[in-house]
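S.K.: The structure follows.
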Amino acid sequence: MYDVIVVGCGPAGALALQRCSELGLKVIGIEKYRMPRYKPCAGVLYPRVLEDFEIPREAVASELLGVRIVAPSGKTATVSFYEAGAVVYRDLFDYLLTLKAIRLGARVMDGVGVNSIKVDGDRCLLRLEDNTTVEGKFIIACDGVYSTISKLLNKSWSREDLAATIQAVVNIPIEDRGRIGKYFEAYYNSERTPGGWTWVVERGKDVLVGLGYPLKHVGNLGELKYKIDGFLKNRFRRCQVLRYESYMIPISGPRQNLIINDRVILAGDAGGFVRSDTGEGIYYAMYSGLIAAESVGEHIENGKQIGEIYYDKMRDYGLNQLYLTSEFRSVLTSNSEIEKYVDKVKMLSST
């Protein structure tokens with residue numbers, strides 16, 4: 001029997017695997033897809049990620065110098081970082097983080113999903129798609145917004161909790177790339193993306209352009225493509241769309257109940273660790289996976305209630321701020337409030 005079964009090997013799962021291994025816990029990771037697997041994501045890492053974690057440099061596509069926030073009027077506030085962040089290729093990034101966990105002693109099974117879950121007393125049983133069974137004392141569910149574990153336990157996200165997003169991978173002329181200048185551009189406009197945002201960021205040889213806003217405001221998913229095509233036409237003189245990709249993200253902040261049946265811990269997107277104003281989730285996912293592992297370790301060591309440990313660590317590591325950023329969504333539904341917000345950021349960034 002394993003001490004911990006980690007489901008999903010994204011940033012949250014990889015960090016959970018690493019920390020469990022460092023703590024001497026017997027741990028296995030279950031990943032539905034063969035790794036390295038493709039993951040649609042802007043892959044933006046603010047400097048704090050590079051400060052707090054050991055990031056595989058092979059996965060870095062571009063450096064990131066700051067954030068440029070654009071109001072509906074075109075007014076801009078630029079926040080430059082004190083040191084560079086990064087934009088990463090998520091397939092390679094996740095894979096290398098997971099390889100590190102394996103080197104530390106974790107076992108990983110990839111290319112196989114979970115069919116069923118049973119929590120029985122002090123153990124959890126997972127039956128996989130290949131009909132094998134994995135048994136553990138605890139499960140850390142890091143399997144994303146479409147979490148199979150959450151679904152099997154009747155804890156899937158509701159429509160009100162999700163934002164629909166679409167991202168275009170594009171080629172643009174060199175002169176237009178210069179206008180981006182290795183900044184993450186965030187455009188807020190309550191008419192185009194009510195409660196959401198549009199982004200532009202360089203990633204190696206291509207540029208990522210995306211938009212997302214609460215699913216409750218989306219009439220049909222086809223309108224997302226219509227809106228992003230209109231934005232591309234206005235933002236760039238010429239561009240070639242290589243492909244479109246779409247996905248959902250949770251935007252309500254961390255779940256109120258992150259512990260299920262005292263044995264299953266939700267982390268990463270499965271737990272709602274995403275900023276509602278930018279869609280940033282990698283930093284919070286990594287910390288949520290790390291503290292989930294630490295919570296299991298401390299519970300096994302001293303018997304303290306695992307939920308109490310987890311929520312205390314959320315506060316200690318600053319993850320509680322995600323509840324506050326979800327309140328910012330009300331600003332994103334009013335262009336006049338967005339203008340005030342950009343004015344405030346502009347003033348603060350110039351002092």
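Ordered as shown in the structure tokens, chains take letters A, B, and onward, while each chain numbers its residues from 1 and ligands are numbered from 1 in the order shown.
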Which residues, written as a VMD selection string, have at least one atom at most 7 Å from region 208-225 of chain A, with only C-alpha atoms counted and residues fewer than 6 positions away on the same chain left out?
M.R.: chain A and resid 42 159 to 160 162 to 170 193 to 202
S.K.: Save the residues we just selected, C-alpha atoms, as a short mmCIF file (atom, residue, chain, number, x, y, z; two decimals), in the first residue's frame?
M.R.:
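The resulting again.cif:
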```
data_model
loop_
_atom_site.label_atom_id
_atom_site.label_comp_id
_atom_site.auth_asym_id
_atom_site.auth_seq_id
_atom_site.Cartn_x
_atom_site.Cartn_y
_atom_site.Cartn_z
CA ALA A 42 0.06 30.41 -21.69
CA ARG A 159 -21.04 26.29 -14.60
CA GLU A 160 -20.91 29.32 -12.29
CA LEU A 162 -15.80 28.19 -14.66
CA ALA A 163 -14.40 30.49 -17.33
CA ALA A 164 -14.30 29.43 -20.97
CA THR A 165 -11.09 30.30 -22.76
CA ILE A 166 -9.70 30.14 -26.27
CA GLN A 167 -6.07 30.63 -27.21
CA ALA A 168 -4.54 31.16 -30.65
CA VAL A 169 -0.94 30.24 -31.39
CA VAL A 170 0.17 32.77 -33.99
CA THR A 193 -14.98 39.76 -22.21
CA PRO A 194 -17.41 40.46 -19.30
CA GLY A 195 -15.74 39.38 -16.08
CA GLY A 196 -12.69 38.18 -18.00
CA TRP A 197 -9.61 39.25 -19.91
CA THR A 198 -7.63 38.95 -23.13
CA TRP A 199 -3.89 38.22 -23.16
CA VAL A 200 -0.88 38.41 -25.44
CA VAL A 201 2.51 36.90 -24.65
CA GLU A 202 5.59 35.78 -26.57
#
```
S.K.: What lies within 12 Å of Tyr33 (chain A) using only C-alpha atoms, ignoring chain neighbours under 4 positions off, as a list in words?
M.R.: Val7, Gly8, Cys9, Gly10, Gly29, Arg37, Tyr38, Lys39, Asp91, Tyr95, Val108, Met109, Asp110, Gly111, Val112, Gly113, Val114, Glu129 and Asp143 of chain A
S.K.: Take the residues just selected and output them with C-alpha atoms as a PDB file, in the first residue's frame.
M.R.:
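Written output follows (out.pdb):
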```pdb
ATOM      1  CA  VAL A   7      -3.579  11.706  -9.559  1.00  0.00           C
ATOM      2  CA  GLY A   8      -2.385  14.037 -12.323  1.00  0.00           C
ATOM      3  CA  CYS A   9       1.226  14.987 -13.073  1.00  0.00           C
ATOM      4  CA  GLY A  10       0.945  18.685 -13.859  1.00  0.00           C
ATOM      5  CA  GLY A  29       1.623   9.274  -9.518  1.00  0.00           C
ATOM      6  CA  ARG A  37       1.747  15.362 -23.030  1.00  0.00           C
ATOM      7  CA  TYR A  38       0.460  18.527 -24.628  1.00  0.00           C
ATOM      8  CA  LYS A  39      -1.148  21.067 -22.315  1.00  0.00           C
ATOM      9  CA  ASP A  91       4.551  19.798 -21.982  1.00  0.00           C
ATOM     10  CA  TYR A  95       7.511  16.361 -17.769  1.00  0.00           C
ATOM     11  CA  VAL A 108       4.759   7.160 -11.913  1.00  0.00           C
ATOM     12  CA  MET A 109       2.288   5.357 -14.160  1.00  0.00           C
ATOM     13  CA  ASP A 110       1.367   7.341 -17.260  1.00  0.00           C
ATOM     14  CA  GLY A 111      -0.969   6.601 -20.156  1.00  0.00           C
ATOM     15  CA  VAL A 112      -3.668   5.206 -17.891  1.00  0.00           C
ATOM     16  CA  GLY A 113      -6.679   6.950 -16.350  1.00  0.00           C
ATOM     17  CA  VAL A 114      -8.831   6.270 -13.310  1.00  0.00           C
ATOM     18  CA  GLU A 129      -8.482   1.838 -17.068  1.00  0.00           C
ATOM     19  CA  ASP A 143      -6.063  16.101 -12.228  1.00  0.00           C
TER      20      ASP A 143
END
```
S.K.: I'd like a table as a tab-separated table: residues in region 99-214 of chain A with an atom no more than 8 Å from region 53-69 of chain A, each row giving the shortest atom pair and its distance in Å to one decimal, only C-alpha atoms counted, sorted by chain and rising residue number.
M.R.:
```
residue	atom	partner	partner_atom	distance
A:Lys182	CA	A:Leu64	CA	5.3
A:Tyr183	CA	A:Gly66	CA	5.0
A:Phe184	CA	A:Val67	CA	4.7
A:Glu185	CA	A:Arg68	CA	4.7
A:Ala186	CA	A:Ile69	CA	4.9
A:Tyr187	CA	A:Ile69	CA	6.0
A:Tyr188	CA	A:Ile69	CA	7.7
A:Glu202	CA	A:Ser62	CA	6.9
A:Arg203	CA	A:Ala61	CA	5.4
A:Gly204	CA	A:Ala61	CA	4.6
```
S.K.: Pull C-alpha atoms from the residues just selected and write them as a tab-separated table (two decimals), in the first residue's frame.
M.R.:
```tsv
chain	number	residue	atom	x	y	z
A	182	LYS	CA	8.52	40.35	-23.65
A	183	TYR	CA	5.62	41.66	-21.54
A	184	PHE	CA	2.45	39.81	-20.64
A	185	GLU	CA	-0.34	41.99	-21.99
A	186	ALA	CA	-3.69	41.79	-20.21
A	187	TYR	CA	-6.66	43.56	-21.81
A	188	TYR	CA	-9.82	44.14	-19.79
A	202	GLU	CA	5.59	35.78	-26.57
A	203	ARG	CA	6.60	32.13	-26.36
A	204	GLY	CA	9.79	31.35	-28.19
```
S.K.: Can you tell me, as a list in words, what residues are no more than 7 Å from Arg90 (chain A) when counting only C-alpha atoms, ignoring any on the same chain fewer than 3 positions away?
M.R.: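 Final neighbour list, sorted by chain and number: Lys39, Cys41, Gly43, Phe93 and Asp94 of chain A.
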S.K.: Would you mind exporting C-alpha atoms of the selected residues as a PDB file, in the first residue's frame?
M.R.:
```pdb
ATOM      1  CA  LYS A  39      -1.148  21.067 -22.315  1.00  0.00           C
ATOM      2  CA  CYS A  41      -1.698  27.045 -21.411  1.00  0.00           C
ATOM      3  CA  GLY A  43       2.812  28.992 -19.463  1.00  0.00           C
ATOM      4  CA  PHE A  93       7.881  21.835 -18.024  1.00  0.00           C
ATOM      5  CA  ASP A  94       5.481  19.292 -16.492  1.00  0.00           C
TER       6      ASP A  94
END
```
S.K.: For each of A:Asp206, A:Tyr247, A:Asp52, A:Gly279, take the minimum atom-to-atom distance to Tyr317 (chain A), counting only C-alpha atoms, then give the residue where this is smallest.
M.R.: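 Smallest distance to Tyr317 (chain A) is found for A:Asp52.
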S.K.: Go through A:Ser158, A:His299, A:Lys151, A:Ser349 one by one, measure the shortest atom-to-atom distance of each to Phe81 (chain A) using only C-alpha atoms, and give the residue with the smallest value.
M.R.: A:Ser349
